[in-house]
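Okay, entry.tsv now, which holds TSV, C-alpha atoms:
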chain	number	residue	atom	x	y	z
A	1	MET	CA	30.90	43.35	-56.39
A	2	ASN	CA	27.21	42.90	-56.93
A	3	HIS	CA	25.28	39.65	-56.74
A	4	SER	CA	25.39	39.09	-60.48
A	5	THR	CA	29.18	39.43	-60.56
A	6	ASP	CA	29.43	37.07	-57.60
A	7	THR	CA	27.39	34.49	-59.46
A	8	TRP	CA	29.69	34.64	-62.48
A	9	ILE	CA	32.82	34.55	-60.34
A	10	VAL	CA	31.57	31.43	-58.58
A	11	ALA	CA	30.81	29.87	-61.96
A	12	PHE	CA	34.31	30.87	-63.12
A	13	ALA	CA	35.89	29.27	-60.04
A	14	ASP	CA	33.87	26.12	-60.71
A	15	GLY	CA	34.97	25.99	-64.35
A	16	GLU	CA	31.38	26.23	-65.51
A	17	LEU	CA	31.70	29.07	-68.00
A	18	ALA	CA	31.87	28.78	-71.76
A	19	SER	CA	35.11	29.95	-73.36
A	20	GLU	CA	33.83	33.42	-74.28
A	21	GLU	CA	32.36	34.06	-70.84
A	22	ARG	CA	35.48	32.71	-69.25
A	23	ALA	CA	37.68	35.05	-71.27
A	24	ALA	CA	35.55	38.03	-70.26
A	25	LEU	CA	35.75	37.08	-66.59
A	26	GLN	CA	39.47	36.48	-66.89
A	27	LEU	CA	39.87	40.10	-68.03
A	28	LEU	CA	37.97	41.29	-64.96
A	29	ILE	CA	40.01	39.09	-62.66
A	30	ASP	CA	43.29	40.22	-64.19
A	31	ARG	CA	42.34	43.83	-63.54
A	32	SER	CA	40.84	43.42	-60.08
A	33	SER	CA	42.83	42.14	-57.12
A	34	GLN	CA	39.54	41.89	-55.22
A	35	ALA	CA	38.11	39.55	-57.83
A	36	ARG	CA	41.34	37.54	-57.89
A	37	GLU	CA	41.26	37.13	-54.12
A	38	GLU	CA	37.60	36.11	-54.29
A	39	VAL	CA	38.35	33.35	-56.79
A	40	LEU	CA	41.14	32.06	-54.53
A	41	ARG	CA	38.87	32.15	-51.50
A	42	LEU	CA	36.13	30.28	-53.31
A	43	THR	CA	38.58	27.68	-54.59
A	44	ARG	CA	40.02	27.09	-51.12
A	45	SER	CA	36.59	26.77	-49.55
A	46	ALA	CA	35.45	24.42	-52.32
A	47	VAL	CA	38.22	21.98	-51.37
A	48	LEU	CA	37.10	21.97	-47.74
A	49	ILE	CA	33.45	21.60	-48.68
A	50	GLY	CA	34.40	18.57	-50.75
A	51	TRP	CA	36.25	17.02	-47.82
A	52	ALA	CA	33.76	17.79	-45.08
A	53	PHE	CA	31.51	14.81	-45.68
A	54	ASP	CA	34.00	12.35	-47.13
A	55	ARG	CA	33.86	9.98	-44.18
A	56	SER	CA	30.80	8.49	-45.86
A	57	LEU	CA	33.04	7.36	-48.71
A	58	ARG	CA	35.64	5.76	-46.45
A	59	ASP	CA	33.35	4.10	-43.94
A	60	PRO	CA	32.10	0.68	-44.96
A	61	VAL	CA	28.56	0.76	-46.22
A	62	PRO	CA	26.25	-0.68	-43.53
A	63	GLU	CA	25.08	-4.17	-44.33
A	64	ARG	CA	21.48	-3.15	-43.85
A	65	LEU	CA	21.69	-0.83	-46.84
A	66	VAL	CA	23.15	-3.48	-49.13
A	67	ALA	CA	20.62	-5.99	-47.84
A	68	THR	CA	17.81	-3.55	-48.48
A	69	VAL	CA	18.78	-3.22	-52.12
A	70	LEU	CA	19.51	-6.90	-52.68
A	71	SER	CA	16.63	-8.43	-50.81
A	72	TRP	CA	13.88	-5.97	-51.57
A	73	ASN	CA	11.04	-8.02	-52.83
A	74	ASP	CA	9.06	-6.52	-55.63
A	75	HIS	CA	6.23	-9.02	-55.37
A	76	ALA	CA	4.04	-6.29	-53.98
A	77	TRP	CA	4.73	-4.11	-56.98
A	78	ARG	CA	4.25	-7.02	-59.35
A	79	GLY	CA	1.05	-7.88	-57.52
A	80	VAL	CA	-0.26	-4.39	-58.13
A	81	GLY	CA	0.66	-4.72	-61.79
A	82	ALA	CA	-1.08	-8.07	-62.06
A	83	PHE	CA	-4.15	-6.65	-60.33
A	84	GLN	CA	-4.19	-3.76	-62.79
A	85	ARG	CA	-3.86	-6.16	-65.72
A	86	ARG	CA	-6.63	-8.37	-64.34
A	87	THR	CA	-8.86	-5.40	-63.75
A	88	ARG	CA	-8.25	-4.12	-67.25
A	89	HIS	CA	-8.88	-7.60	-68.62
A	90	GLY	CA	-12.11	-7.80	-66.65
A	91	VAL	CA	-13.29	-4.44	-67.92
A	92	ASP	CA	-12.41	-5.47	-71.48
A	93	ARG	CA	-14.44	-8.67	-71.09
A	94	LEU	CA	-17.40	-6.73	-69.74
A	95	TRP	CA	-17.24	-4.41	-72.74
A	96	GLN	CA	-17.03	-7.42	-75.05
A	97	ARG	CA	-20.10	-8.98	-73.44
A	98	PHE	CA	-21.92	-5.68	-73.60
A	99	GLY	CA	-20.99	-5.44	-77.26
A	100	ARG	CA	-22.25	-8.98	-77.91
A	101	LEU	CA	-25.52	-8.22	-76.15
A	102	ARG	CA	-25.98	-5.16	-78.31
A	103	SER	CA	-25.24	-7.16	-81.45
A	104	VAL	CA	-27.71	-9.87	-80.36
A	105	GLU	CA	-30.27	-7.20	-79.68
A	106	ALA	CA	-29.67	-5.77	-83.13
A	107	LYS	CA	-30.08	-9.19	-84.75
A	108	ARG	CA	-33.30	-10.01	-82.91
A	109	PRO	CA	-36.12	-10.56	-85.41
A	110	PRO	CA	-38.84	-7.99	-85.47
A	111	ASP	CA	-41.63	-8.59	-82.99
A	112	ASP	CA	-44.46	-10.49	-84.79
A	113	GLY	CA	-46.61	-10.73	-81.69
A	114	SER	CA	-46.31	-14.53	-81.41
A	115	ARG	CA	-44.28	-14.38	-78.21
A	116	PRO	CA	-45.30	-12.26	-75.29
A	117	ARG	CA	-42.64	-9.87	-74.08
A	118	ALA	CA	-41.55	-10.25	-70.47
A	119	SER	CA	-43.40	-7.11	-69.55
A	120	GLU	CA	-46.55	-8.47	-71.21
A	121	ALA	CA	-46.42	-11.95	-69.71
A	122	PRO	CA	-49.23	-12.73	-67.31
A	123	PRO	CA	-48.28	-12.42	-63.65
A	124	ARG	CA	-47.14	-15.69	-62.23
A	125	ASP	CA	-49.47	-17.11	-59.68
A	126	ARG	CA	-47.76	-17.39	-56.32
A	127	GLN	CA	-49.76	-20.49	-55.49
A	128	SER	CA	-48.31	-22.35	-58.47
A	129	LEU	CA	-44.85	-21.94	-56.99
A	130	LYS	CA	-45.71	-23.96	-53.95
A	131	VAL	CA	-44.06	-27.32	-53.87
A	132	THR	CA	-46.35	-30.12	-52.92
A	133	LEU	CA	-44.62	-32.95	-51.17
A	134	PRO	CA	-46.00	-36.45	-51.70
B	1	MET	CA	11.02	-10.30	-72.30
B	2	ALA	CA	10.59	-11.19	-68.64
B	3	ILE	CA	14.18	-12.43	-68.46
B	4	GLN	CA	15.44	-9.19	-69.98
B	5	ALA	CA	13.44	-7.12	-67.47
B	6	SER	CA	14.77	-9.24	-64.65
B	7	THR	CA	18.36	-8.76	-65.87
B	8	THR	CA	17.85	-5.01	-66.11
B	9	GLU	CA	16.45	-4.91	-62.62
B	10	SER	CA	19.35	-6.96	-61.31
B	11	THR	CA	21.83	-4.64	-63.05
B	12	LEU	CA	20.14	-1.57	-61.62
B	13	ARG	CA	20.27	-3.05	-58.14
B	14	GLN	CA	24.01	-3.60	-58.51
B	15	GLU	CA	24.47	-0.07	-59.77
B	16	ILE	CA	22.53	1.30	-56.82
B	17	ILE	CA	24.80	-0.66	-54.47
B	18	THR	CA	27.80	0.88	-56.22
B	19	LEU	CA	26.27	4.31	-55.68
B	20	LEU	CA	25.61	3.79	-51.97
B	21	PRO	CA	28.77	5.56	-50.70
B	22	ARG	CA	27.95	8.65	-52.75
B	23	LEU	CA	24.30	8.54	-51.72
B	24	ARG	CA	25.37	8.33	-48.08
B	25	ARG	CA	27.69	11.30	-48.48
B	26	PHE	CA	24.98	13.32	-50.17
B	27	ALA	CA	22.46	12.45	-47.46
B	28	TYR	CA	25.08	13.24	-44.79
B	29	ALA	CA	25.65	16.67	-46.32
B	30	LEU	CA	21.91	17.31	-46.37
B	31	SER	CA	21.11	16.00	-42.90
B	32	GLY	CA	24.32	16.77	-41.03
B	33	SER	CA	24.20	13.38	-39.34
B	34	PRO	CA	25.79	10.14	-40.61
B	35	GLU	CA	23.20	8.03	-38.79
B	36	GLN	CA	20.29	9.99	-40.15
B	37	ALA	CA	21.92	9.87	-43.57
B	38	ASP	CA	21.83	6.06	-43.55
B	39	ASP	CA	18.14	6.12	-42.64
B	40	ILE	CA	17.46	8.53	-45.49
B	41	VAL	CA	19.42	6.41	-47.96
B	42	GLN	CA	17.62	3.27	-46.89
B	43	ALA	CA	14.23	4.91	-47.33
B	44	ALA	CA	15.35	6.34	-50.67
B	45	CYS	CA	16.50	2.91	-51.87
B	46	LEU	CA	13.14	1.40	-50.99
B	47	ARG	CA	11.41	4.22	-52.82
B	48	ALA	CA	13.68	3.81	-55.83
B	49	LEU	CA	13.25	0.04	-55.98
B	50	SER	CA	9.49	0.37	-55.92
B	51	ARG	CA	9.75	2.76	-58.87
B	52	LEU	CA	12.43	1.06	-60.92
B	53	HIS	CA	9.97	0.83	-63.79
B	54	GLN	CA	9.94	4.66	-63.87
B	55	PHE	CA	13.69	4.89	-64.46
B	56	THR	CA	14.47	5.62	-68.08
B	57	PRO	CA	17.30	3.40	-69.36
B	58	GLY	CA	20.11	5.41	-70.88
B	59	THR	CA	19.70	8.28	-68.44
B	60	ARG	CA	21.89	8.84	-65.41
B	61	LEU	CA	21.04	6.60	-62.51
B	62	ASP	CA	23.05	8.72	-60.06
B	63	SER	CA	21.02	11.85	-60.87
B	64	TRP	CA	17.82	9.85	-60.50
B	65	MET	CA	18.95	8.49	-57.14
B	66	PHE	CA	20.15	11.89	-55.91
B	67	ARG	CA	16.73	13.24	-56.75
B	68	ILE	CA	15.06	10.48	-54.74
B	69	VAL	CA	17.42	10.98	-51.78
B	70	GLN	CA	16.70	14.69	-51.90
B	71	THR	CA	12.93	14.23	-51.92
B	72	THR	CA	13.20	11.61	-49.17
B	73	PHE	CA	15.24	14.05	-47.11
B	74	VAL	CA	12.72	16.81	-47.69
B	75	ASP	CA	9.85	14.49	-46.79
B	76	GLN	CA	11.46	12.99	-43.71
B	77	GLY	CA	14.17	15.38	-42.66
B	78	ARG	CA	12.00	18.36	-41.94
B	79	ALA	CA	10.36	16.57	-39.08
B	80	ARG	CA	13.68	15.98	-37.40
B	81	ALA	CA	16.06	18.46	-35.91
B	82	ARG	CA	19.51	18.42	-37.45
B	83	ARG	CA	21.83	16.57	-35.15
B	84	PRO	CA	25.36	17.67	-34.35
B	85	THR	CA	27.93	16.43	-36.82
B	86	ALA	CA	30.40	13.66	-36.16
B	87	SER	CA	34.01	13.92	-35.18
B	88	ASP	CA	36.43	15.40	-37.67
B	89	ASP	CA	39.15	12.84	-37.02
B	90	GLU	CA	38.03	10.53	-39.78
B	91	ALA	CA	37.18	13.32	-42.15
B	92	LEU	CA	40.70	14.60	-41.80
B	93	GLY	CA	42.02	11.47	-43.36
B	94	ASN	CA	42.15	13.57	-46.51
B	95	VAL	CA	44.90	15.68	-45.05
B	96	ALA	CA	48.23	14.14	-45.88
B	97	ASP	CA	49.64	11.98	-43.13
B	98	ASP	CA	52.79	14.06	-42.95
B	99	ALA	CA	50.85	17.24	-42.43
B	100	ARG	CA	51.85	19.10	-39.35
B	101	ILE	CA	49.68	18.88	-36.30
B	102	HIS	CA	48.69	22.52	-36.36
B	103	GLU	CA	47.68	22.14	-39.99
B	104	ARG	CA	45.49	19.22	-39.03
B	105	THR	CA	44.05	21.24	-36.19
B	106	GLU	CA	43.31	24.13	-38.52
B	107	ALA	CA	41.82	21.78	-41.08
B	108	ARG	CA	39.72	20.12	-38.39
B	109	ALA	CA	38.41	23.48	-37.32
B	110	ALA	CA	37.73	24.45	-40.92
B	111	LEU	CA	35.82	21.24	-41.60
B	112	ALA	CA	33.77	21.81	-38.47
B	113	ILE	CA	33.00	25.30	-39.70
B	114	VAL	CA	31.99	23.94	-43.11
B	115	ARG	CA	29.55	21.49	-41.56
B	116	ASP	CA	28.17	24.05	-39.14
B	117	GLU	CA	27.64	26.55	-41.91
B	118	MET	CA	26.13	23.91	-44.17
B	119	ALA	CA	23.64	23.19	-41.40
B	120	LYS	CA	22.68	26.85	-41.27
B	121	LEU	CA	22.13	27.22	-45.00
B	122	PRO	CA	18.59	27.34	-46.33
B	123	GLU	CA	17.58	23.88	-47.49
B	124	GLU	CA	17.45	24.71	-51.18
B	125	GLN	CA	20.96	26.19	-51.08
B	126	ARG	CA	22.30	23.21	-49.15
B	127	ILE	CA	20.87	20.80	-51.70
B	128	VAL	CA	22.40	22.62	-54.67
B	129	LEU	CA	25.74	23.03	-52.91
B	130	SER	CA	25.83	19.34	-52.02
B	131	LEU	CA	25.15	18.26	-55.58
B	132	VAL	CA	27.71	20.57	-57.15
B	133	ALA	CA	30.50	21.08	-54.60
B	134	ILE	CA	30.36	17.65	-52.97
B	135	GLU	CA	28.97	15.28	-55.59
B	136	GLY	CA	30.65	17.02	-58.50
B	137	LEU	CA	27.62	17.46	-60.71
B	138	SER	CA	27.80	20.20	-63.30
B	139	TYR	CA	25.40	23.11	-63.01
B	140	GLN	CA	23.31	21.69	-65.83
B	141	GLU	CA	23.24	18.23	-64.25
B	142	ALA	CA	22.18	19.73	-60.92
B	143	ALA	CA	19.47	21.73	-62.67
B	144	ASP	CA	18.24	18.59	-64.44
B	145	THR	CA	18.33	16.58	-61.22
B	146	LEU	CA	16.34	19.15	-59.27
B	147	GLU	CA	14.20	20.14	-62.25
B	148	ILE	CA	14.93	23.83	-61.78
B	149	PRO	CA	16.43	26.40	-64.19
B	150	ILE	CA	20.20	26.60	-64.37
B	151	GLY	CA	20.02	30.28	-63.40
B	152	THR	CA	18.40	29.25	-60.12
B	153	VAL	CA	21.21	26.77	-59.52
B	154	MET	CA	23.80	29.49	-60.13
B	155	SER	CA	22.05	31.94	-57.87
B	156	ARG	CA	21.58	29.51	-54.97
B	157	LEU	CA	25.10	28.20	-55.34
B	158	SER	CA	26.59	31.66	-55.40
B	159	ARG	CA	24.90	32.62	-52.14
B	160	ALA	CA	25.86	29.37	-50.46
B	161	ARG	CA	29.47	29.44	-51.65
B	162	ARG	CA	29.91	33.04	-50.63
B	163	ARG	CA	28.50	32.36	-47.17
B	164	LEU	CA	30.77	29.39	-46.59
B	165	ALA	CA	33.82	31.19	-47.94
B	166	ASP	CA	33.11	34.08	-45.57
B	167	ALA	CA	32.86	31.68	-42.65
B	168	ILE	CA	35.95	29.66	-43.49
B	169	ASP	CA	38.18	32.38	-44.81
B	170	PRO	CA	36.85	35.81	-43.90
B	171	ALA	CA	37.76	38.41	-46.50
Structure rendered as structure tokens:
Amino acid sequence: MNHSTDTWIVAFADGELASEERAALQLLIDRSSQAREEVLRLTRSAVLIGWAFDRSLRDPVPERLVATVLSWNDHAWRGVGAFQRRTRHGVDRLWQRFGRLRSVEAKRPPDDGSRPRASEAPPRDRQSLKVTLP
Amino acid sequence: MAIQASTTESTLRQEIITLLPRLRRFAYALSGSPEQADDIVQAACLRALSRLHQFTPGTRLDSWMFRIVQTTFVDQGRARARRPTASDDEALGNVADDARIHERTEARAALAIVRDEMAKLPEEQRIVLSLVAIEGLSYQEAADTLEIPIGTVMSRLSRARRRLADAIDPA
């Protein structure tokens, strides 16, 4: 039997074939004692494979596993979520402020020359900043 | 809204606890060691709990958890050598109590062969075999769990099943 036939025989033994495929395989199995024996072998081994690790089902589950699931604290995860929300909120607020600044800038009256711009203001004299104590 | 989320989380935790025996068996089949299996399951539970928000309600929690156990095993298990398997005495509890002693002896030997051969299988074959032959997932469910095509599941499973059948019951 080639690999492809093996694959279909395994699927047949596992009951995984659709009715048409199953009927086709059944014909092959009826005609071939080798195929019949292979299905029996696979079925027998499947039972043992199923049993081989069953002690995990019978043994009591260790307390540490149950405790892990019950007591796991998701504050860390919630904290990350809150941080993300705060960050997003902060970015939104920055954009809002930026938007307000732009709208203020747009509403600013045209420059009539009455007020000096910051860049045009005379340089502040350092001496005038000195504080004179009485 | 918060109460509903909390209830869902609490329900999922309970469902994970219900799944623990199956998760342990799956991890045992992958690792070959009951002790290592418990470590894998514990790490997988922590990983799952930190990602509960990623679980889609209405889908199968067991498939989701098997997937996490599998990735945890792949992440952690490769660094460790597979340890020898445990005694067969408890595993043979499946054999009827009135079974004859030589039948139990034969079954014990066969179970030991199964575990030895499982340990020798390539990792991807062992994972598929564990999901289908041990956990009872259908081919499609195994394919969905592992996010691989169903043809790949069939191919890997066929090789693994054939190898174990040859070891247990030589043609």
Point-to-point distance from CA of Trp72 in chain A to CA of Arg13 in chain B, Å rounded to tenths: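 If I compute the distance from CA of Trp72 in chain A to CA of Arg13 in chain B, I get 9.6 Å.
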Interface, chain A side, toward chain B (8 Å; all atoms listed in the file) as a PyMOL selection string: chain A and resi 6-7+10-11+16+41-42+45-46+48-57+61+65-66+68-70+72+74+77
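When CA of Leu146 in chain B is paired with CA of Trp64 in chain B, their separation reads 9.5 Å.
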CA of Ala142 in chain B to CA of Ser63 in chain B, distance in Å rounded to a single decimal: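 Going from CA of Ala142 in chain B over to CA of Ser63 in chain B, I get 8.0 Å.
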Around all the atoms of range 26-43 of chain B listed in the file, with 6 Å of room on each side, what axis-aligned box do you get, giving centre and edge lengths in Å to one decimal, as lines of an AutoDock Vina configuration file?
center_x = 20.0
center_y = 10.3
center_z = -44.5
size_x = 23.6
size_y = 26.0
size_z = 23.4
